[in-house]
$ cat entry_33.cif   # mmCIF, C-alpha atoms
data_upload
#
loop_
_atom_site.label_atom_id
_atom_site.label_comp_id
_atom_site.auth_asym_id
_atom_site.auth_seq_id
_atom_site.Cartn_x
_atom_site.Cartn_y
_atom_site.Cartn_z
CA MET A 143 2.75 -22.46 -19.57
CA ALA A 144 4.16 -18.94 -19.59
CA ASP A 145 7.82 -18.27 -20.37
CA ILE A 146 9.39 -15.60 -18.18
CA LYS A 147 12.99 -14.41 -18.00
CA PRO A 148 15.19 -11.68 -16.50
CA PHE A 149 16.70 -8.84 -18.51
CA LYS A 150 19.31 -6.09 -18.25
CA ALA A 151 17.09 -3.08 -17.74
CA LEU A 152 17.99 0.39 -18.89
CA ARG A 153 16.84 2.45 -15.94
CA PRO A 154 17.37 5.86 -14.30
CA VAL A 155 20.10 6.48 -11.78
CA SER A 156 18.50 6.49 -8.36
CA GLU A 157 18.75 10.21 -7.69
CA LEU A 158 16.91 11.06 -10.94
CA VAL A 159 14.20 8.40 -11.04
CA SER A 160 11.46 10.76 -9.86
CA ALA A 161 12.38 13.31 -12.54
CA VAL A 162 12.71 10.72 -15.33
CA SER A 163 9.51 8.79 -14.61
CA SER A 164 6.49 9.95 -16.56
CA PRO A 165 2.88 9.02 -17.33
CA PRO A 166 2.40 6.61 -20.27
CA TYR A 167 2.43 8.07 -23.79
CA ASP A 168 -1.28 7.53 -24.34
CA VAL A 169 -2.71 9.46 -21.37
CA ILE A 170 -1.14 12.85 -22.03
CA GLU A 171 -1.62 15.30 -24.89
CA PRO A 172 1.42 16.72 -26.76
CA LYS A 173 0.88 20.28 -25.49
CA GLU A 174 0.65 19.08 -21.90
CA ALA A 175 3.75 16.91 -22.41
CA ALA A 176 5.64 19.91 -23.83
CA GLU A 177 4.88 21.87 -20.67
CA VAL A 178 6.05 18.98 -18.47
CA ILE A 179 9.33 18.75 -20.41
CA ARG A 180 9.81 22.53 -20.23
CA ARG A 181 9.63 22.33 -16.43
CA ASN A 182 11.57 19.05 -16.21
CA PRO A 183 14.17 18.34 -18.94
CA TYR A 184 14.82 14.85 -17.53
CA SER A 185 11.27 13.62 -18.24
CA PHE A 186 11.02 10.36 -20.18
CA LEU A 187 8.25 12.01 -22.21
CA LYS A 188 11.12 13.16 -24.45
CA VAL A 189 11.42 9.52 -25.52
CA ILE A 190 7.82 8.28 -25.53
CA LYS A 191 6.18 11.55 -26.64
CA PRO A 192 8.87 13.20 -28.83
CA GLU A 193 6.29 15.18 -30.84
CA ALA A 194 5.93 17.41 -27.78
CA LEU A 195 9.39 18.84 -28.53
CA ILE A 196 8.78 19.34 -32.25
CA TYR A 197 5.35 20.45 -33.44
CA PRO A 198 2.74 19.52 -30.83
CA ASP A 199 -0.06 20.87 -33.04
CA ASN A 200 0.82 18.87 -36.18
CA LYS A 201 0.83 15.28 -37.35
CA ILE A 202 4.35 13.91 -37.83
CA LYS A 203 5.37 10.84 -39.76
CA TYR A 204 6.05 7.78 -37.63
CA HIS A 205 9.66 7.28 -38.72
CA LEU A 206 10.54 10.91 -37.90
CA LEU A 207 8.97 10.62 -34.47
CA ALA A 208 10.88 7.41 -33.86
CA ARG A 209 14.17 9.00 -34.93
CA HIS A 210 13.71 11.84 -32.44
CA ALA A 211 12.80 9.31 -29.74
CA ALA A 212 15.96 7.31 -30.43
CA ASP A 213 18.14 10.43 -30.33
CA ASN A 214 16.62 11.57 -27.06
CA LEU A 215 17.07 8.13 -25.50
CA GLN A 216 20.70 8.03 -26.60
CA LYS A 217 21.33 11.46 -25.03
CA MET A 218 19.88 10.25 -21.72
CA VAL A 219 22.34 7.35 -21.80
CA GLU A 220 25.30 9.55 -22.79
CA GLN A 221 24.47 12.02 -20.03
CA LYS A 222 24.30 9.13 -17.55
CA VAL A 223 20.69 9.93 -16.67
CA MET A 224 19.94 6.28 -17.47
CA GLN A 225 22.27 3.30 -17.25
CA LYS A 226 22.05 -0.32 -18.37
CA GLU A 227 22.09 -3.01 -15.71
CA SER A 228 25.30 -5.07 -15.81
CA ASN A 229 23.52 -8.34 -15.00
CA LYS A 230 20.18 -9.85 -15.92
CA CYS A 231 17.66 -9.23 -13.18
CA PHE A 232 14.02 -9.44 -12.24
CA TYR A 233 12.45 -6.50 -10.45
CA ILE A 234 9.54 -5.91 -8.11
CA TYR A 235 7.40 -2.81 -8.67
CA GLN A 236 4.92 -1.67 -6.04
CA GLN A 237 2.44 1.21 -6.30
CA SER A 238 0.46 2.37 -3.31
CA GLU A 239 -1.58 5.15 -1.76
CA SER A 240 -3.49 5.44 1.50
CA SER A 241 -6.15 2.81 0.69
CA TYR A 242 -4.61 0.75 -2.11
CA CYS A 243 -1.49 -1.27 -2.87
CA ARG A 244 -0.45 -3.56 -5.71
CA THR A 245 2.84 -5.40 -6.17
CA GLY A 246 4.12 -7.10 -9.29
CA ILE A 247 7.09 -8.78 -10.94
CA VAL A 248 8.91 -6.94 -13.74
CA ALA A 249 10.27 -9.42 -16.28
CA SER A 250 10.53 -10.07 -19.99
CA LEU A 251 7.91 -12.27 -21.65
CA SER A 252 7.98 -14.29 -24.85
CA VAL A 253 6.41 -12.76 -27.97
CA ARG A 254 5.72 -16.34 -29.08
CA ASP A 255 3.49 -16.84 -26.03
CA TYR A 256 1.41 -13.93 -27.32
CA GLN A 257 1.26 -15.52 -30.77
CA LYS A 258 0.22 -18.85 -29.24
CA GLY A 259 -2.54 -17.28 -27.16
CA ILE A 260 -0.93 -17.99 -23.80
CA ILE A 261 -0.77 -14.22 -23.35
CA LYS A 262 -4.38 -13.25 -23.96
CA ARG A 263 -5.92 -10.00 -25.20
CA HIS A 264 -9.39 -8.52 -24.80
CA GLU A 265 -9.46 -5.51 -27.12
CA LYS A 266 -8.77 -4.55 -30.72
CA ILE A 267 -5.82 -2.36 -31.57
CA ARG A 268 -5.91 0.87 -33.58
CA VAL A 269 -3.75 0.55 -36.68
CA ASN A 270 -2.24 4.04 -36.46
CA THR A 271 -1.15 3.62 -32.85
CA TRP A 272 0.22 0.16 -33.59
CA GLN A 273 2.27 1.41 -36.57
CA GLU A 274 3.72 4.20 -34.48
CA ARG A 275 4.76 1.73 -31.76
CA VAL A 276 6.36 -0.59 -34.34
CA GLU A 277 8.50 2.24 -35.75
CA HIS A 278 9.35 3.33 -32.22
CA ILE A 279 10.72 -0.10 -31.25
CA LEU A 280 12.58 -0.62 -34.53
CA THR A 281 14.30 2.75 -34.40
CA THR A 282 15.05 3.05 -30.67
CA LYS A 283 15.94 -0.66 -30.60
CA ALA A 284 14.12 -0.78 -27.29
CA HIS A 285 10.80 -1.39 -25.61
CA THR A 286 10.42 1.87 -23.72
CA GLY A 287 7.19 1.06 -21.88
CA CYS A 288 5.98 -1.91 -19.85
CA PRO A 289 2.52 -3.32 -20.55
CA LEU A 290 0.50 -4.32 -17.48
CA LEU A 291 -0.39 -8.02 -17.41
CA VAL A 292 -2.29 -9.94 -14.78
CA PHE A 293 -2.19 -13.54 -13.65
CA LYS A 294 -4.69 -15.42 -11.55
CA SER A 295 -3.58 -14.97 -7.98
CA ASN A 296 -0.93 -17.55 -7.15
CA THR A 297 0.34 -18.07 -3.61
CA CYS A 298 3.71 -19.44 -4.73
CA ILE A 299 4.50 -16.41 -6.93
CA GLU A 300 3.33 -13.93 -4.33
CA GLU A 301 5.37 -15.57 -1.56
CA LEU A 302 8.44 -15.46 -3.79
CA MET A 303 7.92 -11.75 -4.39
CA TYR A 304 7.45 -10.78 -0.76
CA GLU A 305 10.35 -12.97 0.36
CA LYS A 306 12.70 -11.02 -1.93
CA MET A 307 11.56 -7.53 -0.90
CA ASN A 308 14.21 -6.29 1.50
CA GLN A 309 16.49 -3.31 1.91
CA ASN A 310 19.48 -5.02 0.31
CA ASN A 311 17.86 -5.04 -3.14
CA PHE A 312 15.83 -1.84 -2.78
CA ILE A 313 16.47 0.63 -5.65
CA TYR A 314 13.69 3.26 -5.86
CA ASP A 315 11.16 4.98 -3.62
CA PHE A 316 9.40 8.13 -4.83
CA ILE A 317 5.98 9.75 -5.02
CA SER A 318 4.89 10.69 -8.53
CA GLU A 319 2.80 13.75 -9.38
CA ASP A 320 -0.40 11.66 -9.26
CA GLY A 321 0.18 11.07 -5.54
CA ILE A 322 1.18 7.42 -5.94
CA ARG A 323 4.14 6.00 -4.04
CA ASN A 324 6.35 3.95 -6.38
CA LYS A 325 8.82 1.47 -4.86
CA CYS A 326 11.13 -0.92 -6.72
CA TRP A 327 13.44 -3.76 -5.78
CA ARG A 328 16.07 -5.54 -7.89
CA ILE A 329 16.47 -9.32 -7.72
CA HIS A 330 19.49 -10.96 -9.33
CA ALA A 331 18.41 -13.77 -11.61
CA LYS A 332 20.36 -16.46 -9.78
CA ASP A 333 18.44 -15.72 -6.58
CA ILE A 334 14.96 -16.40 -7.95
CA GLU A 335 14.90 -17.49 -11.60
CA PRO A 336 14.48 -21.30 -11.25
CA ALA A 337 11.69 -21.01 -8.67
CA LEU A 338 9.96 -18.18 -10.52
CA LYS A 339 10.06 -20.01 -13.84
CA ARG A 340 8.57 -23.13 -12.23
CA ALA A 341 5.80 -21.07 -10.66
CA PHE A 342 4.86 -19.28 -13.90
CA GLN A 343 4.92 -22.52 -15.86
CA GLN A 344 1.99 -23.64 -13.70
CA LEU A 345 -0.13 -20.81 -15.14
CA GLU A 346 -2.21 -21.55 -18.21
CA SER A 347 -2.57 -17.91 -19.22
CA LEU A 348 -1.47 -14.34 -18.70
CA TYR A 349 -3.85 -11.48 -19.47
CA ILE A 350 -3.09 -8.09 -20.99
CA ALA A 351 -4.80 -5.52 -18.79
CA ASP A 352 -3.20 -2.40 -20.28
CA GLY A 353 -0.78 -2.13 -23.21
CA HIS A 354 -2.30 -4.07 -26.14
CA HIS A 355 -0.60 -1.86 -28.73
CA ARG A 356 2.85 -2.31 -27.20
CA VAL A 357 2.53 -6.10 -27.12
CA ALA A 358 1.14 -6.29 -30.68
CA ALA A 359 3.94 -4.01 -31.86
CA ALA A 360 6.56 -6.24 -30.22
CA ALA A 361 5.12 -9.20 -32.15
CA GLU A 362 5.27 -7.32 -35.46
CA VAL A 363 8.86 -6.23 -34.81
CA MET A 364 9.89 -9.85 -34.18
CA ILE A 365 8.24 -10.90 -37.45
CA ARG A 366 10.10 -8.21 -39.40
CA LYS A 367 13.42 -9.07 -37.78
CA ALA A 368 12.86 -12.76 -38.58
CA LYS A 369 12.49 -11.90 -42.26
CA GLN A 370 15.78 -10.02 -42.22
CA VAL A 371 17.97 -12.58 -40.40
CA PRO A 372 15.91 -15.73 -39.73
CA GLU A 373 18.66 -17.63 -37.94
CA ASN A 374 19.24 -14.86 -35.38
CA ILE A 375 15.63 -14.67 -34.28
CA ARG A 376 15.73 -18.35 -33.34
CA LYS A 377 18.50 -17.81 -30.80
CA ALA A 378 17.30 -18.14 -27.22
CA ASP A 379 19.01 -14.90 -26.18
CA ASN A 380 17.58 -12.71 -28.95
CA GLU A 381 15.88 -9.86 -27.13
CA TYR A 382 13.58 -9.08 -30.09
CA THR A 383 11.66 -12.22 -29.18
CA TYR A 384 10.82 -10.81 -25.73
CA PHE A 385 9.17 -7.70 -24.33
CA PRO A 386 9.11 -6.26 -20.78
CA ALA A 387 6.00 -6.34 -18.62
CA VAL A 388 4.78 -5.79 -15.09
CA LEU A 389 2.88 -8.87 -13.89
CA ILE A 390 0.38 -8.35 -11.08
CA PRO A 391 -2.00 -10.78 -9.31
CA HIS A 392 -5.54 -10.29 -10.60
CA ASN A 393 -6.97 -9.60 -7.14
CA GLN A 394 -4.76 -6.51 -6.79
CA ILE A 395 -6.03 -4.81 -9.94
CA GLN A 396 -8.25 -1.75 -9.54
CA ILE A 397 -10.56 -1.02 -12.49
CA LEU A 398 -12.55 2.21 -12.55
CA GLY A 399 -15.54 3.15 -14.66
CA TYR A 400 -14.86 4.37 -18.20
CA HIS A 401 -17.53 6.93 -18.97
CA ARG A 402 -19.08 8.37 -22.16
CA LEU A 403 -19.54 12.03 -23.09
CA VAL A 404 -21.78 12.89 -26.08
CA LYS A 405 -21.77 16.25 -27.86
CA ASP A 406 -25.30 16.28 -29.34
CA LEU A 407 -28.68 14.50 -29.12
CA ASN A 408 -28.89 13.45 -32.78
CA ASP A 409 -31.99 15.64 -33.44
CA PHE A 410 -33.85 14.45 -30.32
CA SER A 411 -35.40 16.99 -28.00
CA PRO A 412 -34.62 16.36 -24.30
CA ASP A 413 -38.15 15.04 -23.68
CA SER A 414 -38.24 12.79 -26.74
CA PHE A 415 -34.81 11.41 -25.85
CA LEU A 416 -35.94 10.55 -22.32
CA SER A 417 -39.01 8.87 -23.77
CA ALA A 418 -36.89 6.76 -26.12
CA VAL A 419 -34.51 5.75 -23.32
CA ARG A 420 -37.47 4.76 -21.13
CA ASN A 421 -38.32 1.92 -23.54
CA ASN A 422 -35.35 -0.10 -22.25
CA PHE A 423 -34.43 1.54 -18.93
CA LYS A 424 -36.15 2.67 -15.77
CA ILE A 425 -35.35 6.35 -15.23
CA GLU A 426 -35.09 8.04 -11.84
CA LYS A 427 -34.40 11.77 -11.60
CA ILE A 428 -31.71 12.59 -9.02
CA ILE A 429 -33.08 15.12 -6.52
CA PRO A 430 -31.25 17.14 -5.36
CA ASN A 431 -29.31 17.27 -8.60
CA GLN A 432 -25.97 15.64 -7.72
CA SER A 433 -23.39 13.73 -9.76
CA PHE A 434 -24.20 10.04 -9.87
CA LEU A 435 -21.88 7.04 -10.13
CA PRO A 436 -23.49 3.57 -10.41
CA SER A 437 -23.10 1.30 -7.38
CA LYS A 438 -23.78 -1.98 -9.17
CA LYS A 439 -23.83 -3.70 -12.54
CA HIS A 440 -26.64 -2.84 -15.02
CA GLU A 441 -27.04 0.58 -13.44
CA PHE A 442 -26.00 3.82 -15.18
CA GLY A 443 -25.73 7.49 -14.42
CA MET A 444 -26.95 9.91 -17.08
CA ASN A 445 -26.44 13.66 -17.26
CA LEU A 446 -28.82 15.27 -19.74
CA LEU A 447 -28.19 19.00 -20.21
CA GLY A 448 -26.97 19.33 -16.61
CA GLN A 449 -29.62 17.18 -14.87
CA TRP A 450 -28.51 13.82 -13.45
CA TYR A 451 -30.59 10.64 -13.71
CA LYS A 452 -30.20 7.04 -12.59
CA LEU A 453 -30.90 4.42 -15.29
CA SER A 454 -31.65 0.78 -14.48
CA VAL A 455 -31.76 -1.84 -17.21
CA ARG A 456 -35.11 -3.54 -17.59
CA LYS A 457 -34.64 -7.28 -17.02
CA ASN A 458 -36.01 -8.24 -20.42
CA ASN A 459 -33.27 -6.12 -21.98
CA ILE A 460 -30.33 -8.06 -20.53
CA ASN A 461 -28.80 -10.38 -23.11
CA GLU A 462 -28.84 -13.95 -21.78
CA SER A 463 -26.44 -15.33 -24.39
CA LYS A 464 -23.27 -17.16 -23.42
CA SER A 465 -21.23 -14.21 -24.63
CA VAL A 466 -19.64 -12.38 -21.70
CA VAL A 467 -19.24 -9.29 -23.89
CA LYS A 468 -22.98 -9.01 -24.58
CA GLN A 469 -23.68 -8.80 -20.86
CA LEU A 470 -21.15 -6.03 -20.18
CA ASP A 471 -22.61 -2.64 -19.30
CA VAL A 472 -20.54 -1.01 -22.05
CA SER A 473 -22.27 -3.33 -24.55
CA ILE A 474 -25.74 -2.69 -23.12
CA LEU A 475 -25.22 1.07 -23.39
CA GLN A 476 -23.82 0.79 -26.91
CA GLU A 477 -26.58 -1.48 -28.24
CA ASN A 478 -29.54 0.26 -26.60
CA ILE A 479 -28.66 3.95 -26.61
CA LEU A 480 -25.45 4.97 -28.35
CA ALA A 481 -26.01 3.13 -31.64
CA PRO A 482 -29.83 3.11 -32.15
CA LEU A 483 -30.66 6.51 -30.64
CA LEU A 484 -27.55 8.62 -31.06
CA GLY A 485 -26.22 7.09 -34.29
CA ILE A 486 -22.84 6.18 -32.78
CA LYS A 487 -22.17 2.92 -34.63
CA ASP A 488 -18.39 2.89 -34.14
CA PRO A 489 -17.36 4.76 -30.97
CA GLN A 490 -13.68 4.81 -31.96
CA LYS A 491 -14.42 6.66 -35.20
CA SER A 492 -17.30 8.87 -34.11
CA ARG A 493 -16.62 12.58 -33.61
CA VAL A 494 -19.54 13.12 -31.25
CA ILE A 495 -18.36 10.89 -28.40
CA ASP A 496 -15.47 11.19 -25.96
CA PHE A 497 -14.34 8.90 -23.16
CA ILE A 498 -13.48 9.97 -19.63
CA GLY A 499 -11.93 7.71 -17.00
CA GLY A 500 -10.12 8.03 -13.69
CA LYS A 501 -10.81 9.33 -10.22
CA GLU A 502 -11.45 12.87 -11.43
CA SER A 503 -13.92 11.80 -14.11
CA LEU A 504 -17.03 13.38 -12.52
CA TYR A 505 -15.30 16.74 -12.31
CA HIS A 506 -14.36 16.58 -16.00
CA ILE A 507 -17.84 15.39 -17.04
CA ASN A 508 -19.58 18.26 -15.26
CA LYS A 509 -17.09 20.73 -16.72
CA GLU A 510 -17.73 19.45 -20.26
CA ILE A 511 -21.50 19.65 -19.76
CA GLN A 512 -21.14 23.24 -18.61
CA GLN A 513 -19.12 23.97 -21.74
CA GLY A 514 -21.75 22.64 -24.11
CA ALA A 515 -21.73 18.84 -24.21
CA LYS A 516 -25.31 17.58 -24.17
CA LEU A 517 -25.11 14.17 -22.58
CA ALA A 518 -22.94 11.94 -20.40
CA PHE A 519 -23.19 8.39 -19.10
CA THR A 520 -21.35 7.02 -16.07
CA LEU A 521 -20.78 3.25 -15.92
CA TYR A 522 -20.11 0.71 -13.22
CA PRO A 523 -16.57 -0.66 -13.72
CA THR A 524 -15.97 -3.81 -15.73
CA SER A 525 -14.49 -6.35 -13.29
CA ILE A 526 -11.13 -8.06 -13.63
CA ASP A 527 -12.98 -11.39 -13.64
CA GLU A 528 -15.04 -10.24 -16.64
CA LEU A 529 -11.84 -9.13 -18.38
CA MET A 530 -10.29 -12.57 -17.92
CA LEU A 531 -13.49 -14.38 -18.98
CA VAL A 532 -13.66 -12.33 -22.18
CA SER A 533 -10.02 -13.15 -22.89
CA ASP A 534 -10.49 -16.85 -22.18
CA ASN A 535 -13.48 -16.91 -24.56
CA ASN A 536 -11.39 -15.21 -27.27
CA GLU A 537 -13.92 -12.38 -27.33
CA ILE A 538 -13.22 -8.68 -27.82
CA MET A 539 -14.62 -5.98 -25.57
CA PRO A 540 -16.09 -2.77 -26.96
CA PRO A 541 -13.53 0.07 -27.09
CA LYS A 542 -12.78 1.90 -23.85
CA SER A 543 -14.25 -0.77 -21.58
CA THR A 544 -11.69 -0.57 -18.77
CA TRP A 545 -9.80 2.21 -17.05
CA ILE A 546 -7.05 0.84 -14.85
CA GLU A 547 -5.55 3.13 -12.25
CA PRO A 548 -2.95 3.91 -11.09
CA LYS A 549 -1.12 3.93 -14.40
CA LEU A 550 2.30 2.32 -14.54
CA ARG A 551 5.04 4.93 -14.75
CA SER A 552 7.13 5.02 -17.92
CA GLY A 553 10.89 5.44 -17.85
CA ILE A 554 11.60 3.26 -14.84
CA PHE A 555 12.42 0.13 -16.82
CA ALA A 556 13.30 -0.02 -20.53
CA HIS A 557 14.22 -3.20 -22.38
CA LEU A 558 17.03 -2.95 -24.94
CA CYS A 559 16.80 -5.23 -27.97
CA ASP A 560 20.33 -4.69 -29.30
#

$ encode --input "entry_33.cif" --output "structure tokens"
Amino acid sequence: MADIKPFKALRPVSELVSAVSSPPYDVIEPKEAAEVIRRNPYSFLKVIKPEALIYPDNKIKYHLLARHAADNLQKMVEQKVMQKESNKCFYIYQQSESSYCRTGIVASLSVRDYQKGIIKRHEKIRVNTWQERVEHILTTKAHTGCPLLVFKSNTCIEELMYEKMNQNNFIYDFISEDGIRNKCWRIHAKDIEPALKRAFQQLESLYIADGHHRVAAAAEVMIRKAKQVPENIRKADNEYTYFPAVLIPHNQIQILGYHRLVKDLNDFSPDSFLSAVRNNFKIEKIIPNQSFLPSKKHEFGMNLLGQWYKLSVRKNNINESKSVVKQLDVSILQENILAPLLGIKDPQKSRVIDFIGGKESLYHINKEIQQGAKLAFTLYPTSIDELMLVSDNNEIMPPKSTWIEPKLRSGIFAHLCD
């Protein structure tokens, strides 16, 4: 049973929402963020990527970054770029383009549900990123980004959403620089809260699709606050026990392939590498030489020194264990090529591998190969059903298993803790 409640969002004034909204902190480099802010001083990157305004080339201590973030957020409030909602509300957030549309509820969720396992995860967190997020929340006294969670498609919840989408509660409509149309509606709590709570209490689980570090950081912040003033954290209205999220039906989630780029062949010659790969995969040379994206599970694209190949897993090499993770294509690639042949035991720590996701991934892969990378693999996307199965089994996916697009915009809804 998932606990869901409204909150008083800190959000941009309507005429500035397009300027304020930004990509999430983890999909843009500091130098690129600095250029965005130079062109657009309203960008929320000033809050979620404050290093862009300081020393984009250098590492900065977490507490200093957080202090700059808090100052920049406060200035946006003082300048009336962003204002706090006077009443607790739910919101609806829709993202669409010509061939795709997804619509979700924006609400605050219980940190305790995450601790209990009602809100499920599927990936490990990186300690450095987690520590930075913890300091960010503690110092800004806010959750400045919304994780993306999914729930198994529920007719009752979806009917409630669509019933409340009308012009009277419409607040935003803009197209972001990625070409996505972003529309938002505000719903006063009294108009939907009882019915929405009943509907979400029927759900056994919610699933983190994107935003593991933000949710884990919210849990750590609650723990620290509980140590400081234990009696306050038990109050039902303590905002440190909740975090904001966008909740979307699972059948509206679009997952794209998350591909691998490798800088060297680990002392293999091209021919000896192909021979080693052939032990576990059927190899088909792509003629004419064109970029190749897999069309089904257990099929891979491979670019070796500019030449594209199609790889198909030999049946005797598919793990038949009950583990969902072992049967994922990311696991098959890791266990049969990346680790044993290329020496990449831990992809998150290795310096010879990079990850490329998104609709423009093939362009970036071919560009990197032209600039000296030796090898690339394209993967068929992990499905949302596989993501939920892994979460339900309390398993952990290999790093960089899912690329979800479009990305939620940051800066539209912030959740104040104090």

$ closest_residue --input "entry_33.cif" --among "A:Asp333, A:Glu528, A:Glu510, A:Glu265" --to "A:Lys542" --atoms "all atoms listed in the file"
A:Glu265

$ closest_residue --input "entry_33.cif" --among "A:Gln273, A:Gln449, A:Ser238, A:Gln394" --to "A:Ile511" --atoms "only C-alpha atoms"
A:Gln449

$ resolve_selection --input "entry_33.cif" --expression "the PyMOL selection byres ((chain A and resi 354) around 8)" --output "MDAnalysis selection string"
chainID A and resid 263 265:267 289 350:353 355:358

$ resolve_selection --input "entry_33.cif" --expression "the PyMOL selection byres ((chain A and resi 529) around 9)" --output "ChimeraX atom specification"
/A:264,349,351,524-528,530-534,539,544

$ residues_around --input "entry_33.cif" --residues "A:Val248" --least-positions-apart "3" --cutoff "7 Å" --atoms "all atoms listed in the file" --output "MDAnalysis selection string"
chainID A and resid 232:235 387:389

$ residues_around --input "entry_33.cif" --residues "A:Tyr400" --least-positions-apart "6" --cutoff "6 Å" --atoms "all atoms listed in the file" --output "list in words"
Ile498, Gly499, Thr544 and Trp545 of chain A

$ closest_residue --input "entry_33.cif" --among "A:Lys173, A:Lys369, A:Lys325, A:Lys150" --to "A:Gln309" --atoms "only C-alpha atoms"
A:Lys325

$ residues_around --input "entry_33.cif" --residues "A:Leu398" --least-positions-apart "3" --cutoff "10 Å" --atoms "only C-alpha atoms" --output "list in words"
Ile395, His401, Gly499, Gly500, Lys501, Ser503, Leu521, Tyr522, Pro523, Thr524, Ser525, Ser543, Thr544, Trp545, Ile546, Glu547 and Pro548 of chain A

$ resolve_selection --input "entry_33.cif" --expression "the PyMOL selection byres ((chain A and resi 490) around 12)" --output "PyMOL selection string"
chain A and resi 266-269+402+486-489+491-497+540-543

$ atom_distance --input "entry_33.cif" --atom1 "atom CA of A:Pro154" --atom2 "atom CA of A:Ala359"
24.2 Å

$ closest_residue --input "entry_33.cif" --among "A:Val419, A:Leu345, A:Ile202, A:Leu446" --to "A:Glu477" --atoms "all atoms listed in the file"
A:Val419

$ closest_residue --input "entry_33.cif" --among "A:Ile313, A:Leu348, A:Leu453, A:Leu480" --to "A:Ile261" --atoms "all atoms listed in the file"
A:Leu348

$ atom_distance --input "entry_33.cif" --atom1 "atom CA of A:Ile334" --atom2 "atom CA of A:Phe149"
13.1 Å

$ residues_around --input "entry_33.cif" --residues "A:Tyr384" --least-positions-apart "4" --cutoff "8 Å" --atoms "all atoms listed in the file" --output "short mmCIF file (atom, residue, chain, number, x, y, z; two decimals) with C-alpha atoms, keeping the file's coordinate frame"
data_model
loop_
_atom_site.label_atom_id
_atom_site.label_comp_id
_atom_site.auth_asym_id
_atom_site.auth_seq_id
_atom_site.Cartn_x
_atom_site.Cartn_y
_atom_site.Cartn_z
CA SER A 250 10.53 -10.07 -19.99
CA LEU A 251 7.91 -12.27 -21.65
CA SER A 252 7.98 -14.29 -24.85
CA VAL A 253 6.41 -12.76 -27.97
CA ALA A 360 6.56 -6.24 -30.22
CA ASN A 380 17.58 -12.71 -28.95
#
